[in-house]
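Trainee: Provided below: data-v2.txt, containing compact mmCIF, C-alpha atoms and all ligand atoms.
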```
# COMPACT_ATOMS: atom_id res chain seq x y z
CA MET G 527 79.28 107.06 120.13
CA VAL G 528 82.70 105.92 118.98
CA GLU G 529 85.49 108.48 119.25
CA ASN G 530 87.14 109.85 116.10
CA LEU G 531 90.71 108.88 115.34
CA THR G 532 93.56 110.84 113.75
CA VAL G 533 96.09 109.24 111.44
CA GLN G 534 99.23 111.21 112.33
CA LEU G 535 101.23 111.88 109.18
CA GLY G 536 102.47 115.44 109.67
CA ASP G 537 100.84 117.84 107.21
CA ARG G 538 99.01 114.88 105.61
CA SER G 539 97.31 113.87 108.87
CA TYR G 540 93.60 113.18 108.70
CA VAL G 541 90.67 112.24 110.85
CA ILE G 542 88.69 109.00 110.63
CA ARG G 543 85.19 110.08 111.65
CA PHE G 544 82.82 107.53 113.14
CA ALA G 545 79.51 109.06 112.21
CA ALA G 546 76.10 108.06 113.52
CA ASP G 547 74.53 110.40 110.96
CA LEU G 548 76.65 110.11 107.82
CA PRO G 549 74.66 112.54 105.62
CA HIS G 550 74.93 115.20 108.31
CA GLU G 551 78.67 114.75 108.91
CA ILE G 552 79.58 114.78 105.23
CA GLY G 553 77.04 117.50 104.51
CA VAL G 554 78.86 119.78 106.94
CA GLU G 555 82.12 119.07 105.12
CA VAL G 556 80.58 119.65 101.67
CA LYS G 557 79.09 122.98 102.87
CA ARG G 558 82.44 124.04 104.32
CA LEU G 559 84.21 123.24 101.05
CA THR G 560 81.55 124.93 98.93
CA ALA G 561 81.64 128.05 101.13
CA ALA G 562 85.39 128.17 100.52
CA GLY G 563 84.75 128.16 96.75
CA ARG G 564 85.75 124.55 96.23
CA ARG G 565 83.84 122.05 94.11
CA CYS G 566 82.98 118.48 95.11
CA VAL G 567 82.36 115.34 93.07
CA VAL G 568 81.34 111.81 93.99
CA VAL G 569 82.53 108.53 92.52
CA THR G 570 80.56 105.46 93.58
CA ASP G 571 79.32 102.20 92.09
CA THR G 572 75.91 101.10 90.86
CA ASN G 573 75.45 98.70 93.83
CA VAL G 574 75.74 101.54 96.32
CA GLN G 575 73.53 103.70 94.12
CA ALA G 576 70.83 100.99 94.03
CA ALA G 577 71.07 100.11 97.75
CA ARG G 578 71.41 103.65 99.13
CA PRO G 579 69.80 106.18 96.77
CA GLU G 580 68.48 108.32 99.67
CA MET G 581 71.80 108.34 101.46
CA LEU G 582 73.55 109.60 98.30
CA LYS G 583 70.85 112.21 97.63
CA ASP G 584 70.81 113.49 101.22
CA THR G 585 74.57 113.46 101.60
CA PHE G 586 75.50 114.99 98.27
CA PRO G 587 72.67 117.20 97.04
CA GLN G 588 73.62 118.87 93.74
CA VAL G 589 77.05 117.27 93.73
CA PRO G 590 78.00 115.70 90.34
CA LEU G 591 78.10 111.93 90.72
CA LEU G 592 79.54 109.09 88.66
CA ALA G 593 78.34 105.52 89.40
CA ILE G 594 80.43 102.82 87.74
CA GLU G 595 80.05 99.04 87.61
CA PRO G 596 81.00 97.23 90.81
CA GLY G 597 83.66 94.51 90.97
CA GLU G 598 87.37 93.95 90.61
CA GLU G 599 87.13 94.22 86.78
CA THR G 600 86.37 97.92 87.16
CA LYS G 601 89.68 98.52 88.92
CA SER G 602 91.34 98.73 85.53
CA LEU G 603 92.71 101.20 82.99
CA ALA G 604 89.23 101.29 81.42
CA GLY G 605 87.58 102.07 84.78
CA LEU G 606 90.15 104.76 85.45
CA GLY G 607 89.45 106.24 82.02
CA ARG G 608 85.74 106.48 82.90
CA ILE G 609 86.58 108.56 85.96
CA TYR G 610 89.01 110.82 84.04
CA ASP G 611 86.31 111.43 81.39
CA PHE G 612 83.82 112.32 84.12
CA LEU G 613 86.27 114.70 85.83
CA ALA G 614 87.11 116.31 82.48
CA ALA G 615 83.42 116.80 81.65
CA GLN G 616 82.92 118.64 84.97
CA LYS G 617 85.73 121.07 84.11
CA LEU G 618 87.20 120.76 87.58
CA ASP G 619 90.18 122.59 88.97
CA ARG G 620 92.87 121.47 91.41
CA ALA G 621 90.86 122.65 94.43
CA THR G 622 88.21 119.98 93.80
CA MET G 623 87.43 117.41 96.52
CA LEU G 624 86.53 113.93 95.31
CA PHE G 625 84.44 111.68 97.57
CA ALA G 626 85.01 107.96 96.95
CA VAL G 627 81.85 106.22 98.18
CA GLY G 628 82.03 102.43 98.05
CA GLY G 629 84.11 99.38 98.83
CA GLY G 630 87.80 98.73 98.27
CA VAL G 631 87.54 98.81 94.48
CA ILE G 632 86.02 102.29 94.41
CA GLY G 633 88.38 103.58 97.12
CA ASP G 634 91.49 102.31 95.30
CA LEU G 635 90.34 103.36 91.83
CA ALA G 636 88.86 106.77 92.64
CA GLY G 637 91.78 107.39 95.02
CA PHE G 638 94.20 106.75 92.17
CA ALA G 639 92.19 109.03 89.88
CA ALA G 640 92.47 111.72 92.60
CA ALA G 641 96.21 111.06 92.96
CA THR G 642 96.79 111.66 89.26
CA TRP G 643 94.06 114.05 88.01
CA LEU G 644 95.72 117.44 87.39
CA ARG G 645 98.76 115.87 89.11
CA GLY G 646 96.75 115.32 92.27
CA ILE G 647 93.56 116.55 93.92
CA GLU G 648 92.29 115.87 97.44
CA PHE G 649 89.85 113.09 98.18
CA CYS G 650 87.83 111.64 101.05
CA GLN G 651 87.02 108.00 101.62
CA VAL G 652 83.45 107.01 102.46
CA PRO G 653 83.75 103.21 102.80
CA THR G 654 80.52 101.22 102.47
CA THR G 655 81.89 97.71 103.10
CA LEU G 656 83.41 96.31 106.26
CA LEU G 657 86.59 95.44 104.36
CA ALA G 658 87.02 99.02 103.16
CA MET G 659 86.28 100.39 106.64
CA VAL G 660 88.92 98.34 108.42
CA ASP G 661 91.56 98.24 105.72
CA SER G 662 91.55 99.85 102.28
CA SER G 663 90.10 103.28 103.16
CA VAL G 664 92.93 103.98 105.62
CA GLY G 665 96.58 104.36 104.72
CA GLY G 666 96.60 105.95 101.28
CA LYS G 667 97.27 102.98 99.01
CA THR G 668 95.51 103.63 95.69
CA GLY G 669 95.82 101.88 92.36
CA ILE G 670 94.52 99.64 89.63
CA ASN G 671 95.11 96.11 88.38
CA LEU G 672 96.70 95.22 85.07
CA ARG G 673 96.34 91.90 83.28
CA ALA G 674 99.87 91.18 84.53
CA GLY G 675 98.85 91.46 88.20
CA LYS G 676 96.94 93.12 91.01
CA ASN G 677 97.68 96.70 92.08
CA LEU G 678 100.63 96.98 89.68
CA VAL G 679 99.98 100.67 88.99
CA GLY G 680 99.26 102.99 91.87
CA ALA G 681 100.28 105.78 94.19
CA PHE G 682 100.45 106.51 97.87
CA HIS G 683 97.89 109.28 98.19
CA GLN G 684 96.44 109.82 101.64
CA PRO G 685 92.79 110.84 101.87
CA ARG G 686 91.91 114.15 103.58
CA GLY G 687 89.31 112.35 105.68
CA VAL G 688 87.54 109.03 106.16
CA PHE G 689 83.84 108.84 107.09
CA ILE G 690 82.64 105.59 108.63
CA SER G 691 79.08 104.67 109.58
CA THR G 692 78.14 101.10 110.50
CA GLN G 693 74.60 102.03 109.46
CA VAL G 694 75.55 101.49 105.78
CA LEU G 695 76.57 97.90 106.53
CA THR G 696 72.97 96.85 107.17
CA THR G 697 72.36 96.48 103.41
CA LEU G 698 75.68 94.74 102.73
CA PRO G 699 75.19 91.14 101.49
CA PRO G 700 76.22 88.62 104.21
CA ARG G 701 78.97 87.18 102.01
CA GLN G 702 80.54 90.63 101.66
CA PHE G 703 80.29 91.23 105.40
CA ALA G 704 82.03 87.91 106.10
CA ALA G 705 84.78 88.84 103.62
CA GLY G 706 85.42 92.00 105.67
CA VAL G 707 85.62 89.97 108.88
CA ALA G 708 88.62 88.14 107.37
CA GLU G 709 90.58 91.40 107.63
CA VAL G 710 89.32 91.92 111.20
CA ILE G 711 90.59 88.43 112.11
CA LYS G 712 93.88 89.37 110.44
CA TYR G 713 94.31 92.36 112.80
CA GLY G 714 93.63 90.15 115.81
CA LEU G 715 96.20 87.64 114.64
CA LEU G 716 98.93 90.11 113.79
CA ALA G 717 98.68 92.56 116.65
CA ASP G 718 95.73 92.17 119.02
CA GLU G 719 95.32 88.86 120.81
CA GLU G 720 92.43 90.24 122.85
CA LEU G 721 90.51 91.10 119.68
CA PHE G 722 91.15 87.59 118.36
CA ALA G 723 89.90 86.08 121.64
CA GLN G 724 86.78 88.25 121.43
CA LEU G 725 86.07 86.94 117.91
CA ASP G 726 86.64 83.41 119.16
CA HIS G 727 84.29 83.94 122.07
CA ARG G 728 81.49 85.56 120.07
CA PRO G 729 81.47 85.78 116.24
CA LEU G 730 81.08 89.30 114.88
CA THR G 731 77.86 90.03 113.00
CA VAL G 732 76.38 93.14 111.48
CA ARG G 733 74.16 93.37 114.56
CA SER G 734 76.95 93.01 117.13
CA PRO G 735 76.79 95.96 119.55
CA GLU G 736 80.60 96.04 119.54
CA LEU G 737 80.87 96.36 115.74
CA ALA G 738 81.76 100.08 115.64
CA ASP G 739 84.32 99.61 118.42
CA VAL G 740 85.88 96.67 116.58
CA ILE G 741 86.16 98.74 113.38
CA ARG G 742 87.75 101.60 115.32
CA ARG G 743 90.18 99.19 116.95
CA CYS G 744 91.25 97.84 113.53
CA CYS G 745 91.61 101.38 112.16
CA ALA G 746 93.73 102.35 115.19
CA LEU G 747 96.01 99.35 114.62
CA LYS G 748 96.32 100.18 110.94
CA ALA G 749 96.92 103.89 111.67
CA GLY G 750 99.77 103.00 114.04
CA ILE G 751 101.40 100.72 111.48
CA VAL G 752 101.00 103.25 108.63
CA GLU G 753 102.34 106.09 110.79
CA ALA G 754 105.48 104.06 111.47
CA ASP G 755 106.06 102.80 107.90
CA GLU G 756 103.84 104.71 105.50
CA ARG G 757 105.51 103.51 102.29
CA GLU G 758 106.23 99.94 103.40
CA THR G 759 109.98 100.42 103.28
CA ALA G 760 110.91 98.88 106.66
CA ALA G 761 113.48 96.10 106.20
CA ASP G 762 111.54 93.85 108.59
CA GLY G 763 107.97 93.97 109.82
CA GLY G 764 106.38 97.40 109.36
CA ARG G 765 103.49 97.90 106.95
CA ALA G 766 104.24 94.57 105.26
CA LEU G 767 102.73 92.87 108.33
CA LEU G 768 99.32 93.99 107.05
CA ASN G 769 99.87 91.46 104.28
CA LEU G 770 99.43 88.53 106.67
CA GLY G 771 97.57 85.89 104.64
CA HIS G 772 97.79 88.03 101.49
CA THR G 773 100.71 86.35 99.71
CA PHE G 774 98.73 83.09 99.67
CA GLY G 775 95.45 84.99 99.24
CA HIS G 776 96.56 87.00 96.20
CA ALA G 777 97.90 83.82 94.57
CA ILE G 778 94.54 82.10 95.13
CA GLU G 779 92.59 85.07 93.70
CA ASN G 780 94.85 85.25 90.68
CA ALA G 781 95.01 81.51 89.95
CA ALA G 782 91.26 81.01 90.45
CA GLY G 783 90.41 84.06 88.29
CA TYR G 784 89.30 87.33 89.86
CA GLY G 785 85.75 87.11 91.13
CA GLU G 786 85.80 83.39 91.93
CA TYR G 787 86.75 84.19 95.54
CA LEU G 788 86.04 87.53 97.16
CA HIS G 789 89.28 89.15 98.30
CA GLY G 790 88.37 88.51 101.95
CA GLU G 791 87.58 84.85 101.24
CA ALA G 792 90.98 84.36 99.62
CA VAL G 793 92.57 86.15 102.59
CA ALA G 794 90.70 83.81 104.98
CA ILE G 795 92.26 80.77 103.27
CA GLY G 796 95.53 82.72 103.18
CA LEU G 797 95.38 83.21 106.96
CA CYS G 798 94.92 79.45 107.44
CA ALA G 799 97.88 78.92 105.09
CA ALA G 800 100.01 81.48 106.96
CA ALA G 801 99.17 79.73 110.25
CA ARG G 802 100.11 76.33 108.80
CA LEU G 803 103.36 77.74 107.42
CA SER G 804 104.14 79.27 110.83
CA LEU G 805 103.59 75.83 112.38
CA LYS G 806 105.95 74.22 109.86
CA LEU G 807 108.60 76.85 110.57
CA GLY G 808 108.35 76.06 114.27
CA TYR G 809 106.63 79.19 115.55
CA VAL G 810 103.13 78.12 116.59
CA GLU G 811 101.53 74.96 117.96
CA PRO G 812 98.93 72.83 116.12
CA GLU G 813 96.32 74.06 118.66
CA ALA G 814 96.81 77.64 117.48
CA VAL G 815 96.24 76.59 113.85
CA ALA G 816 93.07 74.71 114.86
CA ARG G 817 91.82 77.74 116.80
CA ILE G 818 92.44 80.09 113.86
CA GLU G 819 90.55 77.77 111.52
CA ARG G 820 87.68 77.53 114.02
CA VAL G 821 87.35 81.33 114.23
CA ILE G 822 87.50 81.67 110.44
CA ALA G 823 84.85 78.96 109.91
CA ALA G 824 82.64 80.48 112.63
CA HIS G 825 82.49 83.64 110.52
CA ALA G 826 81.20 81.77 107.45
CA LEU G 827 84.57 82.00 105.74
CA PRO G 828 86.43 79.22 103.88
CA THR G 829 89.47 77.55 105.41
CA ARG G 830 90.21 75.50 102.27
CA LEU G 831 89.97 75.99 98.52
CA ARG G 832 86.64 74.94 97.03
CA THR G 833 88.38 73.26 94.10
CA ALA G 834 92.01 72.35 93.55
CA LEU G 835 93.90 74.90 91.47
CA GLY G 836 97.18 73.03 91.10
CA PHE G 837 100.41 73.92 92.81
CA GLN G 838 102.11 75.23 89.65
CA ALA G 839 99.31 77.72 88.93
CA LEU G 840 99.58 79.06 92.48
CA GLU G 841 103.37 79.13 92.38
CA ASP G 842 103.25 81.08 89.08
CA ALA G 843 100.67 83.48 90.50
CA MET G 844 102.87 84.02 93.53
CA ALA G 845 105.86 84.77 91.33
CA ARG G 846 103.78 87.43 89.51
CA ASP G 847 102.74 89.09 92.80
CA LYS G 848 104.53 92.42 93.11
CA LYS G 849 105.05 91.93 96.86
CA VAL G 850 106.87 88.65 96.26
CA ARG G 851 108.81 90.08 93.32
CA ALA G 852 109.98 93.00 95.45
CA GLY G 853 110.92 91.04 98.54
CA GLY G 854 112.07 87.59 97.39
CA ARG G 855 110.28 84.65 99.02
CA ARG G 856 109.19 86.69 102.00
CA PHE G 857 106.12 85.69 103.98
CA VAL G 858 104.36 87.18 106.95
CA ILE G 859 104.26 84.51 109.61
CA LEU G 860 102.81 84.27 113.11
CA LYS G 861 105.21 84.17 116.02
CA ARG G 862 102.19 83.57 118.25
CA LEU G 863 98.53 84.62 118.29
CA GLY G 864 98.70 88.42 118.31
CA GLU G 865 102.23 88.79 116.93
CA ALA G 866 103.40 88.59 113.32
CA ALA G 867 106.79 88.99 111.67
CA THR G 868 108.24 88.96 108.17
CA GLU G 869 110.29 85.91 107.30
CA ALA G 870 112.71 86.07 104.36
CA ASN G 871 113.93 83.20 102.17
CA VAL G 872 111.26 80.69 103.12
CA PRO G 873 112.14 77.41 101.34
CA SER G 874 109.74 75.97 98.74
CA LYS G 875 108.96 72.70 100.50
CA PRO G 876 106.90 74.06 103.45
CA VAL G 877 105.12 76.45 101.08
CA GLU G 878 104.25 73.57 98.75
CA GLU G 879 103.02 71.46 101.68
CA THR G 880 100.99 74.35 102.99
CA PHE G 881 99.25 74.79 99.64
CA ARG G 882 98.48 71.06 99.59
CA GLU G 883 96.97 71.21 103.07
CA VAL G 884 94.60 74.04 102.15
CA GLY G 885 93.37 72.03 99.16
CA ALA G 886 95.40 73.52 96.33
CA TYR G 887 96.20 70.15 94.75
N1 LIG B 1 96.08 96.68 102.77
C1 LIG B 1 97.44 96.70 103.15
C2 LIG B 1 97.99 98.06 103.32
O1 LIG B 1 97.26 99.02 103.31
O2 LIG B 1 99.19 98.20 103.47
```
What does the file become when written as structure tokens?

Mentor:
Amino acid sequence: MVENLTVQLGDRSYVIRFAADLPHEIGVEVKRLTAAGRRCVVVTDTNVQAARPEMLKDTFPQVPLLAIEPGEETKSLAGLGRIYDFLAAQKLDRATMLFAVGGGVIGDLAGFAAATWLRGIEFCQVPTTLLAMVDSSVGGKTGINLRAGKNLVGAFHQPRGVFISTQVLTTLPPRQFAAGVAEVIKYGLLADEELFAQLDHRPLTVRSPELADVIRRCCALKAGIVEADERETAADGGRALLNLGHTFGHAIENAAGYGEYLHGEAVAIGLCAAARLSLKLGYVEPEAVARIERVIAAHALPTRLRTALGFQALEDAMARDKKVRAGGRRFVILKRLGEAATEANVPSKPVEETFREVGAY
């Protein structure tokens, strides 16, 4: 059994529970809340509802539930409106606890609804994808996309708890599992060389006995980074390091059209791009880049774009990215395997060459 983990944020600290029996663990929490006179609601998506009807019924008996369409499109003003209408119809008060059961889209969207409904109610994350378990369910970033860009509206709103069970991953489509591994590889690259070596030695699968330990390890790395720089305000490094591969990745997602690449697939190509940029800036050797690409490919993830998108489209998408807008041309680069850093004022030429090498044009 994997040990629970606390994200230490003063009076907003919370526990990440690694549950063998998810319905039981959450059931205890729902009973405790109900006994204290508090109401609970669930927001999930129709994929989870179709794949795990029993789990939802056993975990949340008699708890009002909204299941919305899956996919990045839902993380929108319209999707948010659906949740507000649901919350309004339930006539909920500020003591309500919202359970967000799903992947990153549901966690971000329902988390933002919780952050803003009645000026803020508490919520718990119940991630059902690997990507949400190792990244988006921890750290309190919530928000929605606008046509103008990804995550442009949002709030830092820490959950009151996170419930993780690898059991729910057994029905996750292989492509979605692989997309989550991209974020696991990211943690290895940015802060845990041993984890990266382990992934190199033996690719992670949904049946790997070490899966729960690997997820905990990623959560512990993320917790440490969030504890030190919760609102990503550090001048160098800090929470921004979690964006390794994401500046390229977000540009790819945006230029290709959301849905063409899963977020994790775009991040996988973004990690290859970040490694190539680090090589061009003189930080890592060609062998390190080759090793990173080997590990990414071994996890059924792309190392190159499937079709060229054109440099200008990617450059424009990058300029629209709020992270780039806020920080100038700042990239997260690798100093070596297991250590990342932020690098300001990166010139255009190596970025352009990097995009060419990953098949952008
Ligand atoms: N997913 C990046 C962060 O939580 O900061």

Trainee: Name the residues, by chain letter and number, that sit within 10 Å of ligand LIG 1 (chain B) using only C-alpha atoms and all ligand atoms, and give them as a PyMOL selection string.

Mentor: chain G and resi 630+657-658+660-668+682+709+748-749+751-752+755-758+764-770+772

Trainee: So the first atom is atom CA of Ala843 of chain G and the second is atom CA of Ala777 of chain G; what is the distance between them in Å, to one decimal place?

Mentor: 4.9 Å

Trainee: Would you compute the distance between atom CA of Ala746 of chain G and atom CA of Ala866 of chain G? Give it in Å to one decimal.

Mentor: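 We find that atom CA of Ala746 of chain G and atom CA of Ala866 of chain G lie 16.9 Å from each other.
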
Trainee: Can you list, as a ChimeraX atom specification, every protein, DNA or RNA residue that comes within 12 Å of Tyr610 of chain G when you count all atoms listed in the file, leaving out same-chain residues fewer than 6 positions away?

Mentor: /G:569,592,603-604,616-618,624,635-644

Trainee: Please produce a file of the residues just selected, as a short mmCIF file (atom, residue, chain, number, x, y, z; two decimals), in the frame of the given file, where the atoms kept are C-alpha atoms.

Mentor:
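Output (out_1.cif):
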```cif
data_model
loop_
_atom_site.label_atom_id
_atom_site.label_comp_id
_atom_site.auth_asym_id
_atom_site.auth_seq_id
_atom_site.Cartn_x
_atom_site.Cartn_y
_atom_site.Cartn_z
CA VAL G 569 82.53 108.53 92.52
CA LEU G 592 79.54 109.09 88.66
CA LEU G 603 92.71 101.20 82.99
CA ALA G 604 89.23 101.29 81.42
CA GLN G 616 82.92 118.64 84.97
CA LYS G 617 85.73 121.07 84.11
CA LEU G 618 87.20 120.76 87.58
CA LEU G 624 86.53 113.93 95.31
CA LEU G 635 90.34 103.36 91.83
CA ALA G 636 88.86 106.77 92.64
CA GLY G 637 91.78 107.39 95.02
CA PHE G 638 94.20 106.75 92.17
CA ALA G 639 92.19 109.03 89.88
CA ALA G 640 92.47 111.72 92.60
CA ALA G 641 96.21 111.06 92.96
CA THR G 642 96.79 111.66 89.26
CA TRP G 643 94.06 114.05 88.01
CA LEU G 644 95.72 117.44 87.39
#
```

Trainee: Between G:Ile552, G:Ala681, G:Ile632, G:Leu656, which one has atoms that come closest to Leu695 of chain G, using all atoms listed in the file?

Mentor: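 Among the listed residues, the smallest separation from Leu695 of chain G belongs to G:Leu656.
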
Trainee: For a test of reading the model, state the distance in Å between atom CA of Leu582 of chain G and atom CA of Arg565 of chain G, rounded to one decimal.

Mentor: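 Result for atom CA of Leu582 of chain G versus atom CA of Arg565 of chain G: 16.7 Å, one decimal.
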
Trainee: Which one of G:Ile778, G:Ile818, G:Ala845, G:Met659 sits closest to Ile542 of chain G if you count all atoms listed in the file?

Mentor: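 The shortest atom-to-atom distance to Ile542 of chain G comes from G:Met659.
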
Trainee: May I ask which of the residues G:Arg686, G:Lys676, G:Lys601, G:Arg743 is the closest one to Leu531 of chain G, counting all atoms listed in the file?

Mentor: G:Arg743

Trainee: Take every atom of segment 723-736 of chain G listed in the file, pad by 8 Å on each side, and give me the axis-aligned box centre and edge lengths in Å, one decimal, as lines of an AutoDock Vina configuration file.

Mentor:
```
center_x = 82.0
center_y = 89.7
center_z = 116.8
size_x = 31.7
size_y = 28.6
size_z = 26.6
```

Trainee: At a cut-off of 7 Å, using all atoms listed in the file, what residues contact Gly836 of chain G? Leave out same-chain residues fewer than 3 positions from it and give the result as a list in words.

Mentor: Ala839, Leu840, Ala886 and Tyr887 of chain G

Trainee: Hey, what's within 9 Å of Pro700 of chain G if we count all atoms listed in the file and toss same-chain stuff fewer than 4 positions away? As a VMD selection string, please?

Mentor: chain G and resid 704 to 705 732

Trainee: Could you tell me which of G:Lys557, G:Arg620, G:Arg742, G:Arg830 comes closest to Glu529 of chain G if we count all atoms listed in the file?

Mentor: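 Selected residue with least distance to Glu529 of chain G: G:Arg742.
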
Trainee: Asp726 of chain G: which residues within 9 Å, counting all atoms listed in the file, same-chain residues fewer than 2 positions away excluded, as a list in words?

Mentor: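 The filter keeps Leu721, Phe722, Ala723, Gln724, Arg728, Pro729, Arg817, Ile818, Arg820, Val821, Ile822 and Ala824 of chain G.
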
Trainee: Between G:Gln693, G:Gln534, G:Thr654, G:Gln588, which has the minimum distance to Val574 of chain G (counting only C-alpha atoms)?

Mentor: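 Ranked by minimum distance to Val574 of chain G, first place goes to G:Thr654.
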
Trainee: Using all atoms listed in the file, which of the listed residues (G:Leu716, G:Val631, G:Ala834, G:Val793) sits closest to Lys861 of chain G?

Mentor: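 For Lys861 of chain G, the nearest of the candidates is G:Leu716.
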
Trainee: What's around Gly775 of chain G at 7 Å? Count all atoms listed in the file, leave out sequence neighbours fewer than 6 positions away in its own chain, and write the answer as a compact mmCIF listing (two decimals) with C-alpha atoms, in the coordinates of the input.

Mentor:
```txt
# COMPACT_ATOMS: atom_id res chain seq x y z
CA ALA G 792 90.98 84.36 99.62
CA VAL G 793 92.57 86.15 102.59
CA ILE G 795 92.26 80.77 103.27
CA GLY G 796 95.53 82.72 103.18
```

Trainee: Around the point (93.6, 88.5, 109.3) in the file's coordinates, collect all residues with an atom within 8 Å, using all atoms listed in the file, and return them as a ChimeraX atom specification.

Mentor: /G:708-716,770-771,793-794,797

Trainee: Residues proximal to (81.3, 109.9, 111.6) were defined as those with any atom within 8 Å of that point in the file's coordinates, counting all atoms listed in the file. Which are they, as number ranges by chain?

Mentor: G: 530, 542-548, 551, 689-691

Trainee: Hey, which bits of segment 726-842 of chain G sit within 9 Å of segment 872-882 of chain G, and for each residue what's the closest pair of atoms and how far apart in Å (one decimal), counting all atoms listed in the file, rows by chain and increasing number, as JSON lines?

Mentor:
```
{"residue": "G:Phe774", "atom": "CA", "partner": "G:Phe881", "partner_atom": "CA", "distance": 8.3}
{"residue": "G:Ala799", "atom": "CA", "partner": "G:Thr880", "partner_atom": "CA", "distance": 5.9}
{"residue": "G:Ala800", "atom": "CA", "partner": "G:Thr880", "partner_atom": "CA", "distance": 8.2}
{"residue": "G:Arg802", "atom": "CA", "partner": "G:Thr880", "partner_atom": "CA", "distance": 6.2}
{"residue": "G:Leu803", "atom": "CA", "partner": "G:Thr880", "partner_atom": "CA", "distance": 6.1}
{"residue": "G:Lys806", "atom": "CA", "partner": "G:Pro876", "partner_atom": "CA", "distance": 6.5}
{"residue": "G:Leu807", "atom": "CA", "partner": "G:Pro876", "partner_atom": "CA", "distance": 7.8}
{"residue": "G:Ala834", "atom": "CA", "partner": "G:Arg882", "partner_atom": "CA", "distance": 8.9}
{"residue": "G:Gly836", "atom": "CA", "partner": "G:Arg882", "partner_atom": "CA", "distance": 8.8}
{"residue": "G:Phe837", "atom": "CA", "partner": "G:Phe881", "partner_atom": "CA", "distance": 7.0}
{"residue": "G:Leu840", "atom": "CA", "partner": "G:Phe881", "partner_atom": "CA", "distance": 8.3}
{"residue": "G:Glu841", "atom": "CA", "partner": "G:Glu878", "partner_atom": "CA", "distance": 8.5}
```

Trainee: Start from the incomplete input, build N, CA, C and O atoms for segment 570-581 of chain G, and deliver everything as a CSV table (one decimal), keeping the file's coordinate frame.

Mentor:
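Output file result12.csv follows:
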```csv
chain,number,residue,atom,x,y,z
G,570,THR,N,81.1,106.6,92.9
G,570,THR,CA,80.6,105.5,93.6
G,570,THR,C,80.3,104.3,92.6
G,570,THR,O,80.8,104.4,91.4
G,571,ASP,N,79.7,103.3,93.1
G,571,ASP,CA,79.3,102.2,92.1
G,571,ASP,C,77.8,102.0,92.1
G,571,ASP,O,77.1,102.5,92.9
G,572,THR,N,77.4,101.2,91.1
G,572,THR,CA,75.9,101.1,90.9
G,572,THR,C,75.2,100.3,92.0
G,572,THR,O,74.0,100.4,92.2
G,573,ASN,N,76.0,99.4,92.7
G,573,ASN,CA,75.4,98.7,93.8
G,573,ASN,C,75.1,99.7,94.9
G,573,ASN,O,74.0,99.6,95.5
G,574,VAL,N,76.0,100.6,95.3
G,574,VAL,CA,75.7,101.5,96.3
G,574,VAL,C,74.6,102.4,95.9
G,574,VAL,O,73.7,102.7,96.7
G,575,GLN,N,74.6,102.8,94.6
G,575,GLN,CA,73.5,103.7,94.1
G,575,GLN,C,72.2,103.0,94.2
G,575,GLN,O,71.2,103.7,94.6
G,576,ALA,N,72.1,101.7,94.0
G,576,ALA,CA,70.8,101.0,94.0
G,576,ALA,C,70.4,100.8,95.5
G,576,ALA,O,69.2,100.8,95.8
G,577,ALA,N,71.4,100.5,96.4
G,577,ALA,CA,71.1,100.1,97.8
G,577,ALA,C,70.8,101.4,98.6
G,577,ALA,O,70.1,101.3,99.6
G,578,ARG,N,71.4,102.5,98.3
G,578,ARG,CA,71.4,103.6,99.1
G,578,ARG,C,71.1,104.9,98.4
G,578,ARG,O,71.8,105.9,98.5
G,579,PRO,N,70.0,105.0,97.6
G,579,PRO,CA,69.8,106.2,96.8
G,579,PRO,C,69.6,107.4,97.7
G,579,PRO,O,70.0,108.5,97.4
G,580,GLU,N,68.8,107.2,98.8
G,580,GLU,CA,68.5,108.3,99.7
G,580,GLU,C,69.7,108.9,100.3
G,580,GLU,O,69.9,110.1,100.4
G,581,MET,N,70.6,107.9,100.8
G,581,MET,CA,71.8,108.3,101.5
G,581,MET,C,72.6,109.2,100.5
G,581,MET,O,73.1,110.3,100.9
```
